[in-house]
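A.B. asks: One file: upload39.txt (compact mmCIF, C-alpha atoms and all ligand atoms).
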```
# COMPACT_ATOMS: atom_id res chain seq x y z
CA MET A 41 26.31 -86.83 57.23
CA THR A 42 25.63 -83.24 58.23
CA GLU A 43 28.85 -81.36 58.73
CA PRO A 44 29.31 -79.03 61.68
CA THR A 45 29.51 -75.39 60.65
CA LEU A 46 32.56 -73.80 62.18
CA VAL A 47 33.88 -70.27 61.93
CA ASP A 48 37.57 -69.43 61.89
CA SER A 49 37.21 -66.20 63.86
CA HIS A 50 40.76 -64.97 63.23
CA CYS A 51 42.98 -65.75 60.29
CA HIS A 52 45.46 -63.95 58.02
CA LEU A 53 44.47 -65.28 54.59
CA ASP A 54 46.84 -62.92 52.81
CA ARG A 55 49.79 -64.42 54.70
CA LEU A 56 49.08 -68.11 54.19
CA GLU A 57 51.81 -70.11 52.51
CA GLY A 58 51.66 -69.42 48.76
CA ALA A 59 48.74 -67.00 49.17
CA GLU A 60 50.12 -64.75 46.44
CA GLN A 61 49.60 -67.48 43.80
CA PRO A 62 46.43 -67.06 41.72
CA GLY A 63 43.62 -69.17 43.15
CA ALA A 64 45.53 -70.11 46.31
CA VAL A 65 43.26 -68.31 48.77
CA ALA A 66 40.14 -69.73 47.08
CA GLN A 67 41.66 -73.22 47.41
CA TYR A 68 42.40 -72.71 51.12
CA LEU A 69 38.79 -71.62 51.59
CA ALA A 70 37.47 -74.63 49.64
CA ASP A 71 39.61 -76.95 51.82
CA ALA A 72 38.23 -75.21 54.89
CA ARG A 73 34.64 -75.69 53.69
CA ASP A 74 35.37 -79.41 53.26
CA GLN A 75 36.18 -79.45 56.98
CA GLY A 76 32.95 -77.66 57.83
CA VAL A 77 34.38 -74.15 58.10
CA GLY A 78 31.66 -71.89 56.72
CA HIS A 79 33.10 -68.48 57.51
CA VAL A 80 36.53 -66.91 58.00
CA LEU A 81 37.32 -63.52 59.50
CA CYS A 82 40.43 -62.20 57.76
CA VAL A 83 42.28 -59.86 60.11
CA SER A 84 44.54 -57.02 59.08
CA ILE A 85 47.88 -56.28 60.71
CA ASP A 86 49.39 -53.26 59.01
CA MET A 87 48.55 -50.41 56.69
CA GLY A 88 50.43 -52.13 53.86
CA ASN A 89 48.14 -55.15 53.81
CA VAL A 90 44.81 -53.72 54.87
CA HIS A 91 43.62 -53.17 51.31
CA ASP A 92 44.62 -56.74 50.38
CA VAL A 93 42.57 -57.98 53.31
CA LEU A 94 39.54 -55.96 52.28
CA ALA A 95 39.88 -57.16 48.68
CA ILE A 96 40.04 -60.81 49.80
CA ALA A 97 36.84 -60.35 51.79
CA ARG A 98 35.10 -58.65 48.86
CA GLU A 99 36.13 -61.31 46.36
CA ASN A 100 35.44 -64.45 48.39
CA PRO A 101 32.07 -65.53 49.74
CA GLY A 102 32.17 -66.50 53.40
CA VAL A 103 34.99 -64.08 54.27
CA SER A 104 34.75 -60.87 56.27
CA ALA A 105 37.51 -58.45 57.20
CA SER A 106 38.85 -56.31 60.01
CA ALA A 107 40.84 -53.08 59.84
CA GLY A 108 43.61 -52.12 62.22
CA ILE A 109 47.31 -52.09 62.93
CA HIS A 110 49.03 -54.70 65.10
CA PRO A 111 50.94 -53.60 68.22
CA ASN A 112 54.13 -55.23 66.90
CA GLU A 113 54.18 -52.97 63.83
CA GLU A 114 56.85 -50.36 64.49
CA PRO A 115 55.51 -46.83 64.57
CA ASP A 116 56.26 -44.90 61.40
CA PRO A 117 55.04 -41.31 61.12
CA GLU A 118 54.60 -41.80 57.37
CA THR A 119 52.13 -44.66 57.66
CA GLU A 120 50.75 -44.48 61.22
CA PRO A 121 46.99 -44.13 60.74
CA ASP A 122 45.36 -41.30 62.66
CA ALA A 123 41.79 -41.66 63.92
CA ALA A 124 40.35 -40.30 60.66
CA ALA A 125 42.26 -42.82 58.53
CA LEU A 126 41.25 -45.68 60.80
CA ARG A 127 37.65 -44.54 60.81
CA GLU A 128 37.50 -44.46 57.02
CA LEU A 129 38.75 -48.07 56.85
CA ALA A 130 36.50 -49.21 59.68
CA LEU A 131 33.44 -47.82 57.92
CA ASP A 132 33.98 -50.02 54.85
CA PRO A 133 30.95 -52.35 54.58
CA VAL A 134 33.17 -55.44 54.32
CA VAL A 135 34.84 -54.58 57.65
CA VAL A 136 33.07 -56.19 60.61
CA ALA A 137 35.62 -55.41 63.35
CA VAL A 138 38.43 -53.07 64.38
CA GLY A 139 41.82 -54.69 64.94
CA GLU A 140 43.83 -56.52 65.58
CA THR A 141 44.92 -54.05 68.17
CA GLY A 142 46.17 -54.22 71.73
CA LEU A 143 49.49 -54.41 73.51
CA ASP A 144 52.50 -56.68 73.05
CA TYR A 145 55.39 -56.09 75.41
CA PHE A 146 56.95 -59.48 74.71
CA ARG A 147 59.49 -58.35 72.16
CA SER A 148 60.34 -55.07 73.82
CA GLY A 149 63.23 -54.44 76.18
CA GLU A 150 62.32 -53.83 79.80
CA ASP A 151 62.79 -50.10 79.79
CA GLU A 152 61.61 -49.42 76.27
CA ASP A 153 58.85 -46.84 76.22
CA MET A 154 55.69 -48.49 74.93
CA GLY A 155 53.62 -45.32 75.11
CA TRP A 156 53.14 -45.40 71.34
CA GLN A 157 51.51 -48.84 71.60
CA ARG A 158 49.12 -47.61 74.25
CA ASP A 159 48.26 -44.48 72.22
CA ARG A 160 47.60 -46.58 69.14
CA PHE A 161 45.47 -48.99 71.17
CA ARG A 162 43.40 -46.14 72.64
CA ARG A 163 42.90 -44.71 69.15
CA HIS A 164 41.54 -48.06 67.89
CA ILE A 165 39.11 -48.32 70.80
CA GLY A 166 37.85 -44.80 70.15
CA VAL A 167 37.24 -45.57 66.49
CA ALA A 168 35.51 -48.88 67.28
CA ARG A 169 33.14 -47.07 69.62
CA GLU A 170 32.46 -44.36 67.05
CA VAL A 171 31.65 -46.75 64.21
CA GLY A 172 29.93 -49.27 66.48
CA LYS A 173 32.03 -52.27 65.49
CA PRO A 174 33.67 -54.67 67.99
CA LEU A 175 37.38 -54.90 68.73
CA ILE A 176 39.80 -57.76 68.09
CA ILE A 177 42.29 -57.63 70.96
CA HIS A 178 45.84 -58.96 70.87
CA THR A 179 47.65 -59.04 74.22
CA ARG A 180 51.00 -60.54 75.10
CA ALA A 181 53.00 -59.96 78.28
CA ALA A 182 50.74 -56.97 78.86
CA ALA A 183 47.47 -58.26 80.36
CA GLU A 184 47.19 -55.64 83.14
CA ASP A 185 47.69 -52.65 80.87
CA THR A 186 45.42 -54.18 78.23
CA LEU A 187 42.51 -54.61 80.65
CA THR A 188 43.09 -51.18 82.20
CA ILE A 189 43.02 -49.40 78.84
CA LEU A 190 39.96 -51.37 77.68
CA ARG A 191 38.18 -50.21 80.82
CA GLU A 192 39.40 -46.60 80.67
CA GLU A 193 38.37 -46.22 77.03
CA GLY A 194 34.93 -47.79 77.49
CA ALA A 195 35.45 -50.78 75.23
CA GLU A 196 32.42 -52.50 76.78
CA GLN A 197 30.32 -50.19 74.62
CA CYS A 198 31.48 -51.73 71.34
CA GLY A 199 32.39 -55.23 72.55
CA ALA A 200 35.58 -57.19 72.01
CA VAL A 201 37.17 -60.57 71.62
CA MET A 202 40.41 -61.48 73.37
CA HIS A 203 41.93 -63.29 70.41
CA CYS A 204 44.40 -66.20 70.61
CA PHE A 205 43.86 -66.15 74.34
CA ALA A 206 46.97 -67.35 76.22
CA GLU A 207 46.50 -65.80 79.67
CA ASP A 208 45.37 -67.45 82.89
CA ARG A 209 41.90 -67.97 84.38
CA ASP A 210 42.06 -64.74 86.37
CA VAL A 211 42.60 -62.61 83.27
CA ALA A 212 39.89 -64.60 81.48
CA ARG A 213 37.47 -63.96 84.33
CA ARG A 214 38.15 -60.22 84.28
CA ALA A 215 37.73 -60.03 80.50
CA LEU A 216 34.47 -61.99 80.76
CA ASP A 217 33.28 -59.66 83.52
CA MET A 218 33.67 -56.77 81.09
CA GLY A 219 31.43 -58.62 78.64
CA PHE A 220 34.15 -59.73 76.26
CA TYR A 221 34.50 -62.97 74.32
CA ILE A 222 37.46 -65.36 74.53
CA SER A 223 38.84 -66.94 71.36
CA LEU A 224 41.01 -70.04 71.57
CA ALA A 225 43.65 -70.85 68.97
CA GLY A 226 45.89 -73.88 68.37
CA ILE A 227 47.95 -73.29 71.53
CA VAL A 228 45.18 -74.89 73.59
CA THR A 229 45.93 -78.22 71.87
CA PHE A 230 49.60 -78.17 72.96
CA ARG A 231 50.45 -80.69 75.64
CA ASN A 232 52.12 -78.12 77.92
CA ALA A 233 49.18 -75.68 77.86
CA ALA A 234 47.68 -76.88 81.17
CA GLU A 235 46.38 -73.49 82.36
CA LEU A 236 44.88 -72.68 78.97
CA LYS A 237 43.03 -76.01 79.01
CA GLU A 238 41.51 -74.87 82.32
CA VAL A 239 40.49 -71.60 80.66
CA ALA A 240 38.88 -73.64 77.87
CA LYS A 241 36.73 -75.39 80.47
CA MET A 242 35.65 -72.26 82.37
CA VAL A 243 34.55 -69.89 79.58
CA PRO A 244 30.74 -69.76 79.49
CA GLU A 245 29.22 -71.45 76.46
CA ASP A 246 27.91 -68.17 75.08
CA ARG A 247 31.30 -66.37 75.14
CA LEU A 248 33.62 -68.82 73.43
CA LEU A 249 35.09 -68.55 69.94
CA VAL A 250 37.69 -70.61 68.06
CA GLU A 251 40.28 -69.47 65.55
CA THR A 252 43.46 -70.50 63.79
CA ASP A 253 45.47 -67.24 63.66
CA ALA A 254 46.83 -68.93 60.51
CA PRO A 255 49.53 -69.06 59.22
CA TYR A 256 50.77 -69.06 62.83
CA LEU A 257 50.39 -71.56 65.69
CA ALA A 258 49.05 -74.67 63.95
CA PRO A 259 47.18 -77.00 66.31
CA VAL A 260 48.18 -80.57 67.11
CA PRO A 261 48.55 -82.80 65.04
CA ASN A 262 50.01 -80.20 62.68
CA ARG A 263 52.00 -78.24 65.23
CA GLY A 264 55.00 -76.52 63.62
CA LYS A 265 53.56 -76.48 60.10
CA PRO A 266 52.21 -73.34 58.41
CA ASN A 267 48.65 -73.12 59.68
CA ARG A 268 45.50 -72.90 57.53
CA PRO A 269 41.81 -72.18 58.24
CA ALA A 270 40.69 -75.80 57.73
CA TRP A 271 42.61 -76.74 60.87
CA VAL A 272 40.34 -74.75 63.17
CA ARG A 273 38.52 -78.06 63.31
CA HIS A 274 41.38 -79.66 65.27
CA THR A 275 41.21 -76.89 67.84
CA ALA A 276 37.42 -77.14 68.03
CA GLU A 277 37.59 -80.93 68.49
CA HIS A 278 40.11 -80.55 71.31
CA VAL A 279 38.12 -77.82 73.06
CA ALA A 280 34.92 -79.88 72.72
CA GLU A 281 36.68 -82.82 74.35
CA LEU A 282 37.96 -80.63 77.20
CA ARG A 283 34.47 -79.30 77.79
CA GLY A 284 32.85 -82.72 77.60
CA THR A 285 30.70 -81.80 74.63
CA SER A 286 30.49 -82.84 70.98
CA LEU A 287 32.15 -81.13 68.06
CA GLU A 288 28.68 -80.49 66.61
CA GLU A 289 27.51 -78.72 69.75
CA LEU A 290 30.72 -76.69 70.07
CA ALA A 291 30.46 -75.69 66.40
CA ARG A 292 26.86 -74.63 66.88
CA THR A 293 27.56 -72.45 69.93
CA THR A 294 30.83 -70.88 68.75
CA THR A 295 29.30 -70.04 65.38
CA ALA A 296 26.26 -68.44 67.04
CA ASN A 297 28.62 -66.49 69.33
CA PHE A 298 30.66 -65.28 66.38
CA HIS A 299 27.61 -63.90 64.62
CA ARG A 300 26.31 -62.30 67.82
CA LEU A 301 29.61 -60.48 68.33
CA PHE A 302 30.08 -59.64 64.65
CA PRO A 303 26.51 -59.08 63.41
CA ARG A 304 27.78 -57.55 60.17
CA ALA A 305 29.49 -60.77 59.08
CA GLU A 306 27.79 -62.55 56.23
CA GLY A 307 25.33 -65.20 57.37
CA ALA A 308 24.57 -63.42 60.63
CA ALA A 309 20.86 -63.20 59.86
CA ALA A 310 20.64 -66.99 59.88
CA ALA A 311 22.26 -67.31 63.31
ZN ZN A 401 47.37 -61.46 67.50
ZN ZN A 402 46.47 -62.47 64.25
```
Before anything else, please render the file you have as structure tokens.
C.D. replies:
Amino acid sequence: MTEPTLVDSHCHLDRLEGAEQPGAVAQYLADARDQGVGHVLCVSIDMGNVHDVLAIARENPGVSASAGIHPNEEPDPETEPDAAALRELALDPVVVAVGETGLDYFRSGEDEDMGWQRDRFRRHIGVAREVGKPLIIHTRAAAEDTLTILREEGAEQCGAVMHCFAEDRDVARRALDMGFYISLAGIVTFRNAAELKEVAKMVPEDRLLVETDAPYLAPVPNRGKPNRPAWVRHTAEHVAELRGTSLEELARTTTANFHRLFPRAEGAAAA
């Protein structure tokens, strides 16, 4: 039986349960390969882990990396990367994308000043354009500002994926109109995610990606457990069903999309 070749387009391998144990990451990747997952993009979140992420990508075949600082990381003048620091990381050959970056107003109080998040986001977009690598966008409770800043900073020029998409069809449409990709994570498999299931049906075939965002947000039937890259298959199966297509076809198109958006990822030449 030929296995479908899936890509987990967004995962935090360094944060998986037990990842610090010797051989653990390699085992997670082997388990993922058994489920047809041929490539994993390991995404960085803070300046403390970015070198771990790059090392994981260097040491493991079928893994690429991103460089960036997550909007939920509190600003710290000691560690906040300026454009030059971000650029140096983004230029590393193992880095195929800039992020995850974006806006997350969910945890903030109503009148908290989120200017620092917007500044950081703009800085990431500028660097992505300079180095010519696409953006990985995180947005939560901040869709309007996210789209506005992406437009103002010219993010269409470097491309982007709206990762772990959890907004409505209108936001999806506007992101697609700017040329961006939409990546669906385990949330789409949840029973109460009716609007997101509609999004899953409306994204054009050539703009869709799938991801785990592991160790977070495990898909049904493993909802609530620490997530792992192998389980991107559950999300892909569910999305295929929603779209009335086969897992094989969905794997083929989402993998081709991944390599089109991230041409520096290993295996891109074959896609
Ligand atoms: Zn995120
Ligand atoms: Zn993430």
A.B. asks: With a distance cut-off of 12 Å and only C-alpha atoms, select the neighbouring residues of A:Arg214, excluding the residue or stretch itself and same-chain residues fewer than 5 positions from it, and output the selection as a ChimeraX atom specification.
C.D. replies: /A:183-184,186-188,190-191,202,207-209,219-222,243
A.B. asks: Please, could you write that set of residues out with C-alpha atoms as a PDB file, in the coordinates of the input?
C.D. replies:
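For reference, selection_31.pdb as written:
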```
ATOM      1  CA  ALA A 183      47.470 -58.260  80.360  1.00  0.00           C
ATOM      2  CA  GLU A 184      47.190 -55.640  83.140  1.00  0.00           C
ATOM      3  CA  THR A 186      45.420 -54.180  78.230  1.00  0.00           C
ATOM      4  CA  LEU A 187      42.510 -54.610  80.650  1.00  0.00           C
ATOM      5  CA  THR A 188      43.090 -51.180  82.200  1.00  0.00           C
ATOM      6  CA  LEU A 190      39.960 -51.370  77.680  1.00  0.00           C
ATOM      7  CA  ARG A 191      38.180 -50.210  80.820  1.00  0.00           C
ATOM      8  CA  MET A 202      40.410 -61.480  73.370  1.00  0.00           C
ATOM      9  CA  GLU A 207      46.500 -65.800  79.670  1.00  0.00           C
ATOM     10  CA  ASP A 208      45.370 -67.450  82.890  1.00  0.00           C
ATOM     11  CA  ARG A 209      41.900 -67.970  84.380  1.00  0.00           C
ATOM     12  CA  GLY A 219      31.430 -58.620  78.640  1.00  0.00           C
ATOM     13  CA  PHE A 220      34.150 -59.730  76.260  1.00  0.00           C
ATOM     14  CA  TYR A 221      34.500 -62.970  74.320  1.00  0.00           C
ATOM     15  CA  ILE A 222      37.460 -65.360  74.530  1.00  0.00           C
ATOM     16  CA  VAL A 243      34.550 -69.890  79.580  1.00  0.00           C
TER      17      VAL A 243
END
```
A.B. asks: Compute the distance from (41.5, -54.9, 68.0) to each atom, counting only C-alpha atoms, keep the residues with any atom at most 10 Å away, and return them as an MDAnalysis selection string; use the coordinates of the file.
C.D. replies: chainID A and resid 83:85 106:111 137:143 161 164:165 168 174:179 200:203
A.B. asks: How far is it from atom CA of A:Met218 to atom CA of A:Ala123, in Å with one decimal?
C.D. replies: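 Distance reported for this atom pair: 24.3 Å.
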A.B. asks: A:Glu192, A:Asp144, A:Asp217, A:Asp132: which is nearest A:Glu114, counting all atoms listed in the file?
C.D. replies: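 For A:Glu114, the nearest of the candidates is A:Asp144.
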A.B. asks: One number please: atom CA of A:Phe230 to atom CA of A:Tyr256, in Å, one decimal.
C.D. replies: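 Distance between the two atoms: 13.7 Å.
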A.B. asks: Would you be able to write out as a compact mmCIF listing (two decimals) with C-alpha atoms, in the coordinates of the input which residues have an atom within 12 Å of (53.4, -38.6, 66.6) in the file's coordinates, counting all atoms listed in the file?
C.D. replies:
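point_18.txt, written as the output of this step:
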```txt
# COMPACT_ATOMS: atom_id res chain seq x y z
CA PRO A 115 55.51 -46.83 64.57
CA ASP A 116 56.26 -44.90 61.40
CA PRO A 117 55.04 -41.31 61.12
CA GLU A 118 54.60 -41.80 57.37
CA THR A 119 52.13 -44.66 57.66
CA GLU A 120 50.75 -44.48 61.22
CA PRO A 121 46.99 -44.13 60.74
CA ASP A 122 45.36 -41.30 62.66
CA GLY A 155 53.62 -45.32 75.11
CA TRP A 156 53.14 -45.40 71.34
CA GLN A 157 51.51 -48.84 71.60
CA ASP A 159 48.26 -44.48 72.22
CA ARG A 160 47.60 -46.58 69.14
```
A.B. asks: Might you pull out every residue within 8 Å of stretch 249-252 of chain A, with only C-alpha atoms counted and same-chain residues fewer than 3 positions away left off, and present them as number ranges by chain?
C.D. replies: A: 47-51, 204, 221-226, 255-259, 267-269, 271-272, 275-276, 294-295, 297-298
A.B. asks: Mind dumping the selected residues with C-alpha atoms as a CSV table (one decimal), in the frame of the given file?
C.D. replies:
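Okay, result_25.csv is ready:
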```csv
chain,number,residue,atom,x,y,z
A,47,VAL,CA,33.9,-70.3,61.9
A,48,ASP,CA,37.6,-69.4,61.9
A,49,SER,CA,37.2,-66.2,63.9
A,50,HIS,CA,40.8,-65.0,63.2
A,51,CYS,CA,43.0,-65.8,60.3
A,204,CYS,CA,44.4,-66.2,70.6
A,221,TYR,CA,34.5,-63.0,74.3
A,222,ILE,CA,37.5,-65.4,74.5
A,223,SER,CA,38.8,-66.9,71.4
A,224,LEU,CA,41.0,-70.0,71.6
A,225,ALA,CA,43.6,-70.8,69.0
A,226,GLY,CA,45.9,-73.9,68.4
A,255,PRO,CA,49.5,-69.1,59.2
A,256,TYR,CA,50.8,-69.1,62.8
A,257,LEU,CA,50.4,-71.6,65.7
A,258,ALA,CA,49.0,-74.7,64.0
A,259,PRO,CA,47.2,-77.0,66.3
A,267,ASN,CA,48.6,-73.1,59.7
A,268,ARG,CA,45.5,-72.9,57.5
A,269,PRO,CA,41.8,-72.2,58.2
A,271,TRP,CA,42.6,-76.7,60.9
A,272,VAL,CA,40.3,-74.8,63.2
A,275,THR,CA,41.2,-76.9,67.8
A,276,ALA,CA,37.4,-77.1,68.0
A,294,THR,CA,30.8,-70.9,68.8
A,295,THR,CA,29.3,-70.0,65.4
A,297,ASN,CA,28.6,-66.5,69.3
A,298,PHE,CA,30.7,-65.3,66.4
```
A.B. asks: Any idea what's packed within 7 Å of A:Gly78, counting all atoms listed in the file, ignoring anything in its chain fewer than 4 positions away? Could you give it as a PDB file with C-alpha atoms, in the frame of the given file?
C.D. replies:
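Wrote selection-v6.pdb, looks like this:
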```
ATOM      1  CA  THR A  45      29.510 -75.390  60.650  1.00  0.00           C
ATOM      2  CA  LEU A  46      32.560 -73.800  62.180  1.00  0.00           C
ATOM      3  CA  VAL A  47      33.880 -70.270  61.930  1.00  0.00           C
ATOM      4  CA  ARG A  73      34.640 -75.690  53.690  1.00  0.00           C
ATOM      5  CA  GLY A 102      32.170 -66.500  53.400  1.00  0.00           C
TER       6      GLY A 102
END
```
A.B. asks: Closest to ligand ZN 402 (chain A) among A:Glu245, A:Ala195, A:Ala233, A:Asp253, using all atoms listed in the file?
C.D. replies: A:Asp253
A.B. asks: For a quick check of understanding, using only C-alpha atoms and all ligand atoms, which of A:Asp86, A:Glu57, A:Glu152, A:Glu128 has the smallest distance to ligand ZN 401 (chain A)?
C.D. replies: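 Residue with the minimum atom-to-atom distance to ligand ZN 401 (chain A): A:Asp86.
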A.B. asks: Provide the atom CA of A:Gly199 to atom CA of A:Gly172 distance in Å, to one decimal place.
C.D. replies: 8.9 Å
